[in-house]
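Source file model-v3.cif; content: mmCIF, C-alpha atoms and all ligand atoms.
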data_work
#
loop_
_atom_site.label_atom_id
_atom_site.label_comp_id
_atom_site.auth_asym_id
_atom_site.auth_seq_id
_atom_site.Cartn_x
_atom_site.Cartn_y
_atom_site.Cartn_z
CA MET K 1 31.55 21.99 -79.39
CA ALA K 2 32.76 18.39 -78.92
CA GLY K 3 30.70 15.76 -80.71
CA ARG K 4 29.00 12.84 -78.98
CA LEU K 5 31.74 10.51 -80.31
CA GLN K 6 34.63 12.98 -80.23
CA ASP K 7 37.95 11.27 -81.09
CA LYS K 8 36.53 7.77 -80.79
CA VAL K 9 38.03 5.39 -83.35
CA VAL K 10 35.33 3.37 -85.13
CA CYS K 11 35.54 0.45 -87.55
CA ILE K 12 32.36 -0.01 -89.63
CA THR K 13 31.93 -2.94 -91.98
CA GLY K 14 29.87 -2.81 -95.17
CA ALA K 15 29.81 0.99 -95.12
CA ALA K 16 30.27 1.63 -98.86
CA GLN K 17 26.52 2.16 -99.18
CA GLY K 18 23.18 1.84 -97.41
CA ILE K 19 22.86 1.64 -93.63
CA GLY K 20 26.62 1.37 -93.03
CA ALA K 21 27.25 4.54 -95.04
CA GLY K 22 24.54 6.32 -93.03
CA ILE K 23 26.17 5.22 -89.77
CA ALA K 24 29.62 6.33 -90.99
CA GLU K 25 28.31 9.78 -91.93
CA ALA K 26 26.46 10.30 -88.65
CA MET K 27 29.39 9.11 -86.54
CA ALA K 28 31.85 11.30 -88.46
CA GLN K 29 29.57 14.29 -87.80
CA GLU K 30 29.82 13.48 -84.09
CA GLY K 31 33.61 13.71 -84.17
CA ALA K 32 34.53 10.03 -84.63
CA ARG K 33 37.50 8.85 -86.69
CA ILE K 34 36.12 6.25 -89.09
CA ILE K 35 37.64 3.22 -90.79
CA ILE K 36 35.37 1.68 -93.42
CA GLY K 37 35.88 -2.00 -94.27
CA ASP K 38 34.08 -3.23 -97.38
CA VAL K 39 34.53 -5.47 -100.43
CA ASN K 40 33.30 -2.56 -102.57
CA ASP K 41 36.55 -0.60 -102.73
CA GLU K 42 35.23 2.09 -105.08
CA GLY K 43 32.16 2.89 -102.97
CA ALA K 44 34.10 2.76 -99.72
CA GLY K 45 36.82 5.03 -101.14
CA ALA K 46 34.31 7.60 -102.40
CA LEU K 47 32.52 7.80 -99.04
CA ALA K 48 35.82 7.93 -97.14
CA ALA K 49 36.99 10.87 -99.27
CA ARG K 50 33.71 12.71 -98.66
CA ILE K 51 33.63 12.34 -94.86
CA GLY K 52 37.37 12.26 -94.12
CA ALA K 53 37.51 8.54 -93.24
CA THR K 54 39.89 5.71 -94.14
CA ALA K 55 38.76 2.89 -96.46
CA LEU K 56 40.28 -0.58 -96.30
CA HIS K 57 39.46 -3.65 -98.35
CA LEU K 58 37.75 -6.12 -96.00
CA ASP K 59 35.86 -9.30 -96.77
CA VAL K 60 34.33 -9.97 -93.36
CA SER K 61 34.37 -13.71 -93.99
CA SER K 62 38.17 -13.69 -94.32
CA PRO K 63 40.28 -14.12 -91.14
CA GLU K 64 43.30 -12.72 -93.05
CA ASP K 65 41.42 -9.54 -94.00
CA TRP K 66 40.38 -9.04 -90.36
CA GLN K 67 43.99 -9.43 -89.24
CA ALA K 68 45.05 -6.83 -91.81
CA MET K 69 42.32 -4.53 -90.45
CA ALA K 70 43.57 -5.05 -86.88
CA ASP K 71 47.17 -4.32 -87.93
CA HIS K 72 46.12 -1.18 -89.80
CA VAL K 73 44.01 0.17 -86.93
CA ALA K 74 46.75 -0.54 -84.38
CA GLY K 75 49.45 0.99 -86.61
CA HIS K 76 47.59 4.10 -87.74
CA PHE K 77 45.16 4.87 -84.91
CA GLY K 78 46.68 3.08 -81.90
CA LYS K 79 43.27 2.12 -80.48
CA LEU K 80 39.74 0.98 -81.35
CA ASP K 81 36.73 2.23 -79.38
CA ILE K 82 33.74 1.09 -81.45
CA LEU K 83 33.14 -1.82 -83.85
CA VAL K 84 30.01 -1.70 -86.00
CA ASN K 85 29.41 -5.10 -87.64
CA ASN K 86 27.02 -4.03 -90.39
CA ALA K 87 28.05 -5.94 -93.55
CA GLY K 88 25.37 -8.40 -94.57
CA LEU K 89 23.88 -10.38 -97.45
CA GLU K 90 20.17 -10.94 -98.14
CA LEU K 91 18.75 -13.90 -100.11
CA VAL K 92 15.07 -14.13 -101.05
CA LYS K 93 13.89 -17.52 -102.29
CA PRO K 94 11.97 -20.47 -100.88
CA MET K 95 13.85 -22.93 -98.67
CA GLN K 96 13.73 -25.64 -101.38
CA ASP K 97 15.62 -23.29 -103.72
CA HIS K 98 18.37 -22.56 -101.18
CA SER K 99 21.45 -24.58 -102.16
CA LEU K 100 23.88 -25.56 -99.42
CA ALA K 101 26.32 -23.11 -101.03
CA ASP K 102 23.70 -20.31 -100.74
CA TRP K 103 23.17 -21.15 -97.07
CA ARG K 104 26.88 -21.19 -96.32
CA LYS K 105 27.50 -17.94 -98.19
CA VAL K 106 24.89 -16.07 -96.14
CA MET K 107 26.17 -17.56 -92.88
CA SER K 108 29.81 -16.84 -93.78
CA VAL K 109 29.13 -13.12 -94.16
CA ASN K 110 26.28 -12.48 -91.71
CA VAL K 111 27.45 -14.73 -88.86
CA ASP K 112 31.10 -15.79 -89.34
CA GLY K 113 31.93 -12.18 -90.27
CA ILE K 114 30.80 -10.89 -86.88
CA PHE K 115 32.46 -13.73 -84.96
CA LEU K 116 35.75 -13.06 -86.76
CA GLY K 117 35.56 -9.29 -86.29
CA CYS K 118 34.85 -9.56 -82.56
CA LYS K 119 37.52 -12.22 -82.06
CA THR K 120 40.23 -10.39 -83.99
CA LEU K 121 39.57 -6.92 -82.54
CA GLU K 122 38.69 -7.98 -78.99
CA ALA K 123 42.14 -7.19 -77.54
CA MET K 124 42.06 -3.61 -78.87
CA LEU K 125 38.49 -3.10 -77.66
CA ARG K 126 39.47 -4.41 -74.20
CA GLU K 127 42.34 -1.92 -74.03
CA SER K 128 40.02 0.92 -75.03
CA GLY K 129 37.61 -0.13 -72.27
CA LYS K 130 40.34 0.52 -69.71
CA SER K 131 40.28 4.22 -70.58
CA GLY K 132 37.34 4.90 -68.27
CA SER K 133 34.79 4.83 -71.05
CA SER K 134 33.64 1.41 -72.25
CA ALA K 135 34.25 0.11 -75.75
CA SER K 136 31.13 -0.65 -77.79
CA VAL K 137 30.30 -3.38 -80.29
CA ILE K 138 27.16 -2.78 -82.36
CA ASN K 139 25.89 -5.69 -84.44
CA ILE K 140 23.33 -5.03 -87.15
CA SER K 141 20.74 -7.79 -87.03
CA SER K 142 17.19 -7.29 -88.39
CA ILE K 143 13.56 -7.61 -87.36
CA ALA K 144 13.94 -10.86 -89.37
CA GLY K 145 16.11 -12.03 -86.45
CA ILE K 146 13.09 -11.69 -84.13
CA VAL K 147 10.09 -12.79 -86.22
CA GLY K 148 9.81 -15.02 -89.28
CA TYR K 149 9.36 -13.90 -92.90
CA PRO K 150 8.68 -16.22 -95.83
CA ASP K 151 11.31 -17.21 -98.39
CA GLN K 152 14.42 -15.97 -96.62
CA LEU K 153 15.32 -18.84 -94.31
CA ALA K 154 19.11 -18.44 -94.41
CA TYR K 155 18.89 -14.68 -93.89
CA ASN K 156 16.38 -14.90 -91.01
CA THR K 157 18.39 -17.65 -89.32
CA SER K 158 21.62 -15.68 -89.66
CA LYS K 159 20.01 -12.61 -88.12
CA GLY K 160 18.65 -14.67 -85.22
CA ALA K 161 22.23 -15.85 -84.66
CA VAL K 162 23.47 -12.24 -84.65
CA ARG K 163 20.88 -11.38 -82.00
CA HIS K 164 22.03 -14.21 -79.75
CA MET K 165 25.75 -13.74 -80.44
CA SER K 166 25.38 -10.12 -79.29
CA LYS K 167 23.75 -11.10 -75.99
CA SER K 168 26.27 -13.91 -75.41
CA LEU K 169 29.23 -11.62 -76.02
CA ALA K 170 27.73 -8.91 -73.81
CA ILE K 171 27.50 -11.41 -70.96
CA GLU K 172 30.89 -13.01 -71.63
CA TRP K 173 32.70 -9.66 -71.62
CA ALA K 174 30.85 -8.50 -68.52
CA ALA K 175 31.62 -11.79 -66.74
CA HIS K 176 35.32 -11.39 -67.52
CA GLY K 177 35.34 -7.79 -66.27
CA ASP K 178 36.00 -6.38 -69.74
CA ALA K 179 34.51 -2.94 -70.36
CA ILE K 180 33.17 -3.86 -73.78
CA ARG K 181 29.43 -3.39 -74.25
CA CYS K 182 27.69 -5.33 -77.01
CA ASN K 183 24.24 -4.64 -78.43
CA SER K 184 22.28 -5.50 -81.55
CA ILE K 185 20.21 -3.17 -83.73
CA HIS K 186 17.17 -4.59 -85.51
CA PRO K 187 16.21 -2.43 -88.49
CA GLY K 188 12.82 -2.75 -90.13
CA CYS K 189 12.45 -1.88 -93.81
CA ILE K 190 15.15 0.67 -94.62
CA ARG K 191 15.47 1.98 -98.17
CA THR K 192 18.91 0.80 -99.38
CA PRO K 193 20.22 -1.18 -102.37
CA MET K 194 19.66 -4.38 -100.32
CA LEU K 195 16.00 -3.61 -99.72
CA GLU K 196 15.50 -2.64 -103.37
CA MET K 197 16.71 -6.13 -104.29
CA ALA K 198 14.60 -7.84 -101.62
CA VAL K 199 11.49 -6.00 -102.79
CA GLU K 200 11.96 -7.49 -106.27
CA GLY K 201 11.78 -10.94 -104.64
CA TRP K 202 8.73 -9.97 -102.56
CA VAL K 203 6.95 -8.79 -105.71
CA GLU K 204 7.83 -12.10 -107.36
CA ASN K 205 6.50 -14.20 -104.44
CA GLY K 206 3.38 -12.06 -104.10
CA SER K 207 4.17 -10.66 -100.62
CA VAL K 208 3.69 -7.14 -101.99
CA PRO K 209 1.87 -6.02 -105.15
CA ALA K 210 3.88 -5.25 -108.29
CA TYR K 211 1.96 -2.01 -108.61
CA ASP K 212 3.59 0.55 -106.25
CA PRO K 213 5.24 -1.94 -103.83
CA TRP K 214 6.82 0.89 -101.78
CA THR K 215 3.47 2.35 -100.78
CA ALA K 216 2.33 -1.16 -99.83
CA ILE K 217 5.46 -1.69 -97.69
CA ALA K 218 5.00 1.68 -95.98
CA ALA K 219 1.38 0.76 -95.24
CA LEU K 220 2.54 -2.40 -93.41
CA CYS K 221 4.48 -0.19 -90.99
CA PRO K 222 2.53 1.47 -88.15
CA LEU K 223 4.38 4.77 -88.73
CA ASN K 224 3.41 4.40 -92.41
CA ARG K 225 6.75 4.96 -94.06
CA VAL K 226 9.86 3.12 -95.20
CA GLY K 227 12.86 3.93 -92.99
CA MET K 228 16.06 5.64 -94.11
CA PRO K 229 19.69 4.83 -93.15
CA GLU K 230 19.75 7.95 -90.89
CA ASP K 231 17.03 6.35 -88.75
CA ILE K 232 19.37 3.47 -87.92
CA ALA K 233 22.41 5.74 -87.63
CA MET K 234 20.79 7.65 -84.75
CA GLY K 235 20.54 4.40 -82.76
CA ALA K 236 24.13 3.47 -83.58
CA VAL K 237 25.42 6.87 -82.42
CA TYR K 238 23.60 6.38 -79.11
CA LEU K 239 24.96 2.84 -78.61
CA GLY K 240 28.47 3.95 -79.52
CA SER K 241 28.45 6.97 -77.22
CA ASP K 242 28.92 7.15 -73.48
CA GLU K 243 25.22 8.06 -73.18
CA SER K 244 24.58 4.30 -73.34
CA ARG K 245 27.27 3.42 -70.77
CA PHE K 246 24.81 1.22 -68.74
CA VAL K 247 23.39 -0.49 -71.84
CA THR K 248 24.61 -3.93 -72.88
CA GLY K 249 22.92 -7.03 -74.28
CA ILE K 250 19.88 -5.16 -75.60
CA GLU K 251 18.15 -5.50 -78.95
CA LEU K 252 17.35 -2.02 -80.21
CA VAL K 253 14.44 -2.35 -82.63
CA ILE K 254 14.20 0.56 -85.11
CA ASP K 255 11.31 -0.35 -87.37
CA GLY K 256 8.54 2.23 -87.13
CA GLY K 257 6.56 -0.14 -84.90
CA TRP K 258 6.55 -3.11 -87.33
CA VAL K 259 7.12 -5.91 -84.77
CA ALA K 260 5.13 -4.19 -82.00
CA ARG K 261 1.80 -5.04 -83.64
N1 LIG Q 1 17.85 -2.43 -95.62
C1 LIG Q 1 17.05 -3.04 -94.78
O1 LIG Q 1 15.82 -2.93 -94.88
C2 LIG Q 1 17.62 -3.87 -93.66
C3 LIG Q 1 16.72 -4.36 -92.71
C4 LIG Q 1 17.21 -5.11 -91.65
C5 LIG Q 1 18.57 -5.35 -91.53
N2 LIG Q 1 19.42 -4.87 -92.47
C6 LIG Q 1 20.85 -5.16 -92.29
O2 LIG Q 1 21.59 -3.96 -92.32
C7 LIG Q 1 22.90 -4.23 -92.84
C8 LIG Q 1 23.17 -3.28 -93.99
O3 LIG Q 1 22.18 -3.50 -94.99
P1 LIG Q 1 21.94 -2.53 -96.23
O4 LIG Q 1 20.50 -2.56 -96.49
O5 LIG Q 1 22.66 -1.25 -96.06
O6 LIG Q 1 22.66 -3.44 -97.35
P2 LIG Q 1 23.42 -3.05 -98.71
O7 LIG Q 1 23.44 -4.29 -99.53
O8 LIG Q 1 22.84 -1.83 -99.29
O9 LIG Q 1 24.90 -2.75 -98.19
C9 LIG Q 1 25.67 -3.80 -97.64
C10 LIG Q 1 27.14 -3.44 -97.72
O10 LIG Q 1 27.86 -4.59 -97.22
C11 LIG Q 1 28.95 -4.83 -98.11
N3 LIG Q 1 29.34 -6.24 -98.04
C12 LIG Q 1 28.68 -7.31 -98.54
N4 LIG Q 1 29.38 -8.43 -98.33
C13 LIG Q 1 30.50 -8.06 -97.66
C14 LIG Q 1 31.62 -8.76 -97.16
N5 LIG Q 1 31.75 -10.10 -97.32
N6 LIG Q 1 32.59 -8.08 -96.51
C15 LIG Q 1 32.49 -6.73 -96.38
N7 LIG Q 1 31.47 -6.01 -96.86
C16 LIG Q 1 30.49 -6.67 -97.49
C17 LIG Q 1 28.45 -4.42 -99.48
O11 LIG Q 1 29.51 -4.18 -100.39
C18 LIG Q 1 27.64 -3.16 -99.13
O12 LIG Q 1 28.47 -2.01 -99.14
C19 LIG Q 1 22.91 -5.69 -93.25
O13 LIG Q 1 23.49 -6.48 -92.22
C20 LIG Q 1 21.43 -6.02 -93.39
O14 LIG Q 1 21.16 -7.38 -93.20
C21 LIG Q 1 18.97 -4.14 -93.54
#
How would this structure read if it were set down as structure tokens?
Ligand SMILES: NC(=O)c1ccc[n+]([C@@H]2O[C@H](COP(=O)([O-])OP(=O)(O)OC[C@H]3O[C@@H](n4cnc5c(N)ncnc54)[C@H](O)[C@@H]3O)[C@@H](O)[C@H]2O)c1
Amino acid sequence: MAGRLQDKVVCITGAAQGIGAGIAEAMAQEGARIIIGDVNDEGAGALAARIGATALHLDVSSPEDWQAMADHVAGHFGKLDILVNNAGLELVKPMQDHSLADWRKVMSVNVDGIFLGCKTLEAMLRESGKSGSSASVINISSIAGIVGYPDQLAYNTSKGAVRHMSKSLAIEWAAHGDAIRCNSIHPGCIRTPMLEMAVEGWVENGSVPAYDPWTAIAALCPLNRVGMPEDIAMGAVYLGSDESRFVTGIELVIDGGWVAR
């Protein structure tokens, strides 16, 4: 039986681990052909070998790396149907401890990286949209792009920018008659290496107790658990597939009810 993403060509950034890896696995299971772009070559290569994907070195903040990605996709796959901008950096410390270099580093990956990816791959996505089924850009923001959290100003601000960039691109492409949909996903707490690191900071600043922080985090969530990468992957499969053909400019919150309270 054909998968929900049968033969679609997908580029996923930051897919060596965590949420991106979960999305890559789920999309491969639905018949997609995956290209993973990550700075972690070893992790990306191992996942690619396991799911039959291609791994390419990509620092999303580098215009040259994005051009190399575009050349590779055009040369080896001949088209691009879905772009998942997932790579991101988290930084947990009070605003007074953010250096300007910290701020710029977070913005360069979380915001510039998505701008560069969309700009560099737009022509291929536009061509794919002419096939009768629209191309899809999926940007991974966060619930921190919707509501504030203490001691992560650069991260929260970057994720707010991702939310708005997604809506602006959705409207720009629609206005120009391009069949490229663009949506953002807003994960809540999802157990990945990034969250493990953030939780250390939350323990330090007293947001969660040092004793059993994971149970405390689960208890803050109405569905009373910490999410897993598969929870986000299910939303990404939907937004990438033709099932969401009338969906653009939305913010898909997948957080167990966290921001609904
Ligand atoms: N885990 C959560 O609870 C959570 C919640 C909300 C949003 N998010 C967002 O989901 C996305 C994935 O998060 P995660 O938890 O899986 O993180 P993670 O740190 O576990 O994985 C991030 C991946 O991005 C890669 N990466 C980092 N910088 C890169 C760069 N410059 N170029 C290319 N790749 C780069 C890393 O090598 C890694 O493979 C991020 O955008 C994050 O902000 C995560």
Under the rule of at most 6 Å, produce a per-residue listing of chain K near ligand LIG 1 (chain Q): chain, number, name, the closest pair of atoms, and the distance in Å, as a tab-separated table, using only C-alpha atoms and all ligand atoms.
residue	atom	partner	partner_atom	distance
K:Thr13	CA	Q:LIG1	N7	5.8
K:Gly14	CA	Q:LIG1	O10	3.4
K:Ala15	CA	Q:LIG1	O12	5.2
K:Ala16	CA	Q:LIG1	O12	4.1
K:Gln17	CA	Q:LIG1	O12	4.6
K:Gly18	CA	Q:LIG1	O5	3.4
K:Ile19	CA	Q:LIG1	O5	3.8
K:Gly20	CA	Q:LIG1	O5	5.6
K:Asp38	CA	Q:LIG1	N7	3.8
K:Val39	CA	Q:LIG1	C15	4.7
K:Asn40	CA	Q:LIG1	O11	4.7
K:Leu58	CA	Q:LIG1	C15	5.3
K:Asp59	CA	Q:LIG1	N6	3.5
K:Val60	CA	Q:LIG1	N6	4.1
K:Ser61	CA	Q:LIG1	N5	5.6
K:Asn86	CA	Q:LIG1	O13	4.7
K:Ala87	CA	Q:LIG1	O10	3.9
K:Gly88	CA	Q:LIG1	O13	3.6
K:Leu89	CA	Q:LIG1	C12	5.8
K:Val109	CA	Q:LIG1	N5	5.1
K:Ile140	CA	Q:LIG1	O13	5.3
K:Ser141	CA	Q:LIG1	C5	5.6
K:Ser142	CA	Q:LIG1	C4	3.9
K:Pro187	CA	Q:LIG1	C4	4.3
K:Gly188	CA	Q:LIG1	C3	4.9
K:Cys189	CA	Q:LIG1	O1	3.7
K:Ile190	CA	Q:LIG1	O1	3.7
K:Arg191	CA	Q:LIG1	N1	5.6
K:Thr192	CA	Q:LIG1	O4	4.7
K:Pro193	CA	Q:LIG1	O8	4.1
K:Met194	CA	Q:LIG1	O7	3.9
K:Leu195	CA	Q:LIG1	N1	4.7
Work out how far CA of Ile143 in chain K is from CA of Leu56 in chain K, in Å to one decimal. 29.0 Å
Å distance separating CA of Glu230 in chain K from CA of His186 in chain K, one decimal place: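 Separation of CA of Glu230 in chain K and CA of His186 in chain K: 13.9 Å.
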Point out the residue among K:Arg33, K:Arg50, K:Arg4, K:His76 with the least atom-to-atom distance to Ala236 in chain K, counting all atoms listed in the file.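 Counting all atoms listed in the file, the residue closest to Ala236 in chain K is K:Arg4.
Ranking K:Lys8, K:Ala21, K:Ile36, K:Asp151 by their shortest atom-to-atom distance to Gly129 in chain K, with only C-alpha atoms included, puts K:Lys8 first.
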Tell me, in Å to one decimal, how far CA of Ala175 in chain K is from CA of Glu243 in chain K. 21.8 Å
